[in-house]
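S.K.: So that you have it, the file is target39.cif, and it contains mmCIF, C-alpha atoms:
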```cif
data_entry
loop_
_atom_site.label_atom_id
_atom_site.label_comp_id
_atom_site.auth_asym_id
_atom_site.auth_seq_id
_atom_site.Cartn_x
_atom_site.Cartn_y
_atom_site.Cartn_z
CA MET Y 1 163.11 70.13 130.93
CA GLN Y 2 160.97 69.35 127.89
CA VAL Y 3 159.00 66.11 127.66
CA THR Y 4 157.66 64.75 124.39
CA SER Y 5 155.13 62.00 123.94
CA SER Y 6 153.43 60.34 120.99
CA ASP Y 7 150.04 61.41 122.31
CA LEU Y 8 150.97 65.13 122.36
CA THR Y 9 150.65 67.22 119.26
CA GLY Y 10 152.49 70.42 118.56
CA PRO Y 11 155.60 71.61 120.37
CA ALA Y 12 156.97 69.74 123.35
CA VAL Y 13 155.30 70.71 126.63
CA PRO Y 14 156.99 70.81 130.04
CA ALA Y 15 156.04 68.01 132.39
CA GLY Y 16 153.76 68.53 135.36
CA LEU Y 17 151.34 71.33 136.07
CA PRO Y 18 153.09 73.98 133.94
CA GLY Y 19 152.55 71.66 130.99
CA VAL Y 20 148.88 71.36 131.86
CA ALA Y 21 148.54 75.15 131.94
CA ARG Y 22 150.25 75.46 128.56
CA ARG Y 23 148.08 72.78 126.98
CA LEU Y 24 145.01 74.35 128.51
CA ALA Y 25 145.91 77.68 126.88
CA GLY Y 26 145.65 76.00 123.49
CA SER Y 27 142.52 74.01 124.22
CA GLN Y 28 139.16 74.38 122.51
CA PHE Y 29 137.62 75.08 125.91
CA ALA Y 30 139.92 78.07 126.46
CA GLU Y 31 139.23 79.29 122.94
CA GLY Y 32 135.49 79.01 123.57
CA VAL Y 33 135.35 80.84 126.91
CA THR Y 34 137.79 83.63 126.07
CA PRO Y 35 135.30 85.76 124.07
CA TRP Y 36 132.69 85.33 126.83
CA VAL Y 37 135.08 86.45 129.60
CA GLY Y 38 136.29 89.30 127.39
CA ARG Y 39 132.72 90.55 126.96
CA MET Y 40 132.20 90.40 130.74
CA SER Y 41 135.38 92.40 131.30
CA GLU Y 42 134.42 95.05 128.78
CA ALA Y 43 130.84 95.23 130.09
CA LEU Y 44 132.19 96.54 133.39
CA GLY Y 45 133.24 99.76 131.74
CA ASP Y 46 135.20 101.86 134.20
CA VAL Y 47 133.19 100.56 137.19
CA GLY Y 48 132.18 104.03 138.25
CA GLY Y 49 135.70 105.42 137.90
CA ALA Y 50 137.20 102.78 140.19
CA GLU Y 51 139.21 101.04 137.48
CA ALA Y 52 142.44 102.73 138.56
CA ILE Y 53 141.95 101.58 142.15
CA LEU Y 54 140.88 98.04 141.21
CA GLY Y 55 143.75 97.79 138.74
CA GLY Y 56 146.20 98.69 141.53
CA LYS Y 57 147.41 101.99 140.14
CA GLY Y 58 149.27 103.68 142.96
CA LEU Y 59 150.00 100.34 144.62
CA GLY Y 60 152.62 99.30 142.12
CA HIS Y 61 150.84 96.01 141.35
CA PRO Y 62 147.34 94.74 140.63
CA LEU Y 63 144.90 94.62 143.54
CA HIS Y 64 143.25 91.33 142.51
CA PRO Y 65 145.86 88.96 144.03
CA ALA Y 66 145.63 90.69 147.41
CA LEU Y 67 141.84 90.65 147.38
CA THR Y 68 141.77 86.88 146.95
CA ASP Y 69 142.95 86.43 150.53
CA LEU Y 70 139.60 87.34 152.09
CA PRO Y 71 137.26 84.96 150.23
CA LEU Y 72 139.82 82.14 150.29
CA GLY Y 73 140.54 82.72 153.97
CA CYS Y 74 136.84 82.71 154.85
CA TRP Y 75 136.14 79.58 152.85
CA THR Y 76 139.18 77.74 154.20
CA SER Y 77 138.22 78.70 157.75
CA ALA Y 78 134.67 77.47 157.16
CA THR Y 79 136.01 74.11 155.99
CA ILE Y 80 138.20 73.83 159.08
CA LEU Y 81 135.21 74.59 161.29
CA ASP Y 82 133.15 72.00 159.41
CA PHE Y 83 135.70 69.32 160.26
CA VAL Y 84 136.73 70.27 163.78
CA GLY Y 85 133.82 72.23 165.21
CA PHE Y 86 130.99 69.94 164.18
CA LYS Y 87 127.50 71.12 165.21
CA ARG Y 88 128.66 73.87 167.54
CA SER Y 89 130.43 75.73 164.70
CA ARG Y 90 127.79 75.42 161.96
CA ALA Y 91 126.59 79.02 162.35
CA ALA Y 92 130.14 80.36 162.21
CA ALA Y 93 130.97 78.26 159.13
CA THR Y 94 127.79 79.46 157.42
CA THR Y 95 128.70 83.08 158.20
CA LEU Y 96 132.21 82.57 156.79
CA ILE Y 97 130.80 81.12 153.55
CA ALA Y 98 128.53 84.17 153.21
CA VAL Y 99 131.32 86.66 153.94
CA GLY Y 100 133.57 84.86 151.44
CA LEU Y 101 130.87 85.15 148.78
CA ALA Y 102 130.48 88.87 149.46
CA ALA Y 103 134.25 89.35 149.28
CA ALA Y 104 134.40 87.41 146.00
CA VAL Y 105 132.52 90.20 144.22
CA PRO Y 106 135.19 92.95 144.36
CA THR Y 107 137.85 90.27 143.90
CA ALA Y 108 136.23 89.14 140.63
CA VAL Y 109 135.71 92.71 139.45
CA ALA Y 110 139.38 93.51 140.08
CA GLY Y 111 140.33 90.33 138.20
CA LEU Y 112 138.19 91.33 135.23
CA VAL Y 113 139.90 94.73 135.22
CA ASP Y 114 143.32 93.00 135.15
CA TYR Y 115 142.06 90.71 132.38
CA ARG Y 116 142.02 93.66 129.99
CA ALA Y 117 145.83 93.78 130.03
CA THR Y 118 146.19 90.14 128.90
CA SER Y 119 146.57 88.76 125.40
CA GLY Y 120 147.47 85.54 123.62
CA SER Y 121 147.94 82.42 125.72
CA ALA Y 122 147.86 84.45 128.96
CA ARG Y 123 144.37 85.67 128.04
CA ARG Y 124 143.21 82.12 127.38
CA VAL Y 125 144.63 80.89 130.71
CA ALA Y 126 143.06 83.91 132.45
CA SER Y 127 139.72 83.00 130.86
CA VAL Y 128 139.83 79.47 132.24
CA HIS Y 129 140.96 80.92 135.60
CA ALA Y 130 137.87 83.17 135.60
CA VAL Y 131 135.50 80.35 134.66
CA GLY Y 132 137.01 78.06 137.31
CA ASN Y 133 136.50 80.74 139.93
CA ALA Y 134 132.94 81.34 138.75
CA VAL Y 135 132.23 77.64 139.22
CA ALA Y 136 133.84 77.80 142.68
CA VAL Y 137 131.61 80.73 143.64
CA ALA Y 138 128.56 78.83 142.37
CA CYS Y 139 129.54 75.85 144.53
CA TYR Y 140 129.95 78.08 147.59
CA ALA Y 141 126.60 79.76 146.86
CA ALA Y 142 124.98 76.32 146.70
CA SER Y 143 126.75 75.45 149.94
CA LEU Y 144 125.34 78.54 151.62
CA GLN Y 145 121.84 77.79 150.36
CA SER Y 146 122.06 74.22 151.65
CA ARG Y 147 123.33 75.38 155.04
CA ILE Y 148 120.54 77.95 155.38
CA ARG Y 149 117.99 75.25 154.57
CA GLY Y 150 119.40 73.01 157.31
CA ARG Y 151 121.19 70.63 154.94
CA HIS Y 152 124.58 71.08 156.54
CA TYR Y 153 126.30 68.00 155.13
CA ARG Y 154 125.21 68.92 151.61
CA GLY Y 155 126.62 72.38 152.35
CA VAL Y 156 129.92 70.87 153.38
CA LEU Y 157 130.07 68.90 150.13
CA GLY Y 158 129.32 72.06 148.14
CA ALA Y 159 132.11 73.88 149.94
CA LEU Y 160 134.55 71.04 149.24
CA ALA Y 161 133.62 71.19 145.54
CA GLY Y 162 134.13 74.94 145.65
CA ALA Y 163 137.53 74.50 147.27
CA THR Y 164 138.55 72.09 144.53
CA PHE Y 165 137.62 74.48 141.73
CA SER Y 166 139.12 77.40 143.62
CA ALA Y 167 142.43 75.58 144.06
CA ALA Y 168 142.63 74.66 140.38
CA ALA Y 169 141.71 78.20 139.31
CA GLY Y 170 144.17 79.60 141.84
CA TYR Y 171 146.96 77.53 140.32
CA LEU Y 172 146.17 79.05 136.94
CA GLY Y 173 146.20 82.53 138.49
CA GLY Y 174 149.61 81.82 139.96
CA HIS Y 175 150.77 80.54 136.59
CA LEU Y 176 149.67 83.84 135.05
CA VAL Y 177 151.70 85.85 137.55
CA LEU Y 178 154.72 83.59 137.95
CA GLY Y 179 154.66 81.18 134.99
CA ASP Y 180 156.55 81.38 131.74
CA ASP Y 181 154.19 82.16 128.89
CA SER Y 182 156.93 82.73 126.35
CA THR Y 183 155.40 80.23 123.91
CA ASP Y 184 152.97 82.80 122.46
#
```
Would you kindly transcribe this structure into structure tokens?

M.R.:
Amino acid sequence: MQVTSSDLTGPAVPAGLPGVARRLAGSQFAEGVTPWVGRMSEALGDVGGAEAILGGKGLGHPLHPALTDLPLGCWTSATILDFVGFKRSRAAATTLIAVGLAAAVPTAVAGLVDYRATSGSARRVASVHAVGNAVAVACYAASLQSRIRGRHYRGVLGALAGATFSAAAGYLGGHLVLGDDSTD
């Protein structure tokens, strides 16, 4: 179903989140971050010969989507502990934030390897996906720093901010894999 509106320019955009992803692909922000993310992807080179593994060759699909489970699982578990475990689970939540940050590194590298296969609007959406995840990681890193310094509630707020960015970026990642980008 196509929805048109007087405040939209260009071709009609589907309603809801798919429409947001399509509009985002044509935004100035996406245009601005795409060269930056592209340079990061190319700067990796072949990652010590691991590009085939990180790209999922031999698996039949990219490795990046599977790798996202560990950081997201750790961070989600930390948030649950923050809200149900209170003081007695602070150390465990802090550990989960740290493990999630460590797991985010190979996940991001695998994503940047996959990025090389994108073009057009998919590349622009992937660029915003990457930036959103980078902001999420920064929020979780700030959360960890706050927790280590004994500022637990500030750490919880940082983790909630990270979860928000991660969810938005995750939607865009899902759109890349499952969405219709036939408007290129």

S.K.: Tell me which residues come within 12 Å of (129.5, 77.9, 160.5), as a PyMOL selection string, counting all atoms listed in the file in the file's coordinates.

M.R.: chain Y and resi 74-99+143-144+147-148+150+152-153+155-156+159

S.K.: Would you list the residues near (139.9, 76.9, 147.0), meaning any protein, DNA or RNA residue with an atom at most 10 Å from that point in file coordinates, counting only C-alpha atoms, as a list in words?

M.R.: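 Output: Pro71, Leu72, Gly73, Trp75, Thr76, Asn133, Ala136, Val137, Ala159, Leu160, Ala161, Gly162, Ala163, Thr164, Phe165, Ser166, Ala167, Ala168, Ala169, Gly170 and Tyr171 of chain Y.
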
S.K.: Could you spell out the hits of the PyMOL selection byres ((chain Y and resi 24-40) around 9) on the shown file, as number ranges by chain?

M.R.: Y: 19-23, 41-44, 112, 115-116, 120-128, 130-131

S.K.: Taking all atoms listed in the file into account, which of Y:Pro18, Y:Glu51, Y:Gly58, Y:Leu172 comes nearest Gly132 in chain Y?

M.R.: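 Of all the options, Y:Leu172 lies closest to Gly132 in chain Y.
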
S.K.: In Å, rounded to a single decimal, give me how far CA of Gly173 in chain Y is from CA of Val135 in chain Y.

M.R.: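 Distance reported for this atom pair: 14.8 Å.
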
S.K.: For CA of Ala138 in chain Y and CA of Ala104 in chain Y, determine how far apart the two atoms are, in Å to one decimal place.

M.R.: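 Calculated distance between CA of Ala138 in chain Y and CA of Ala104 in chain Y is 11.0 Å.
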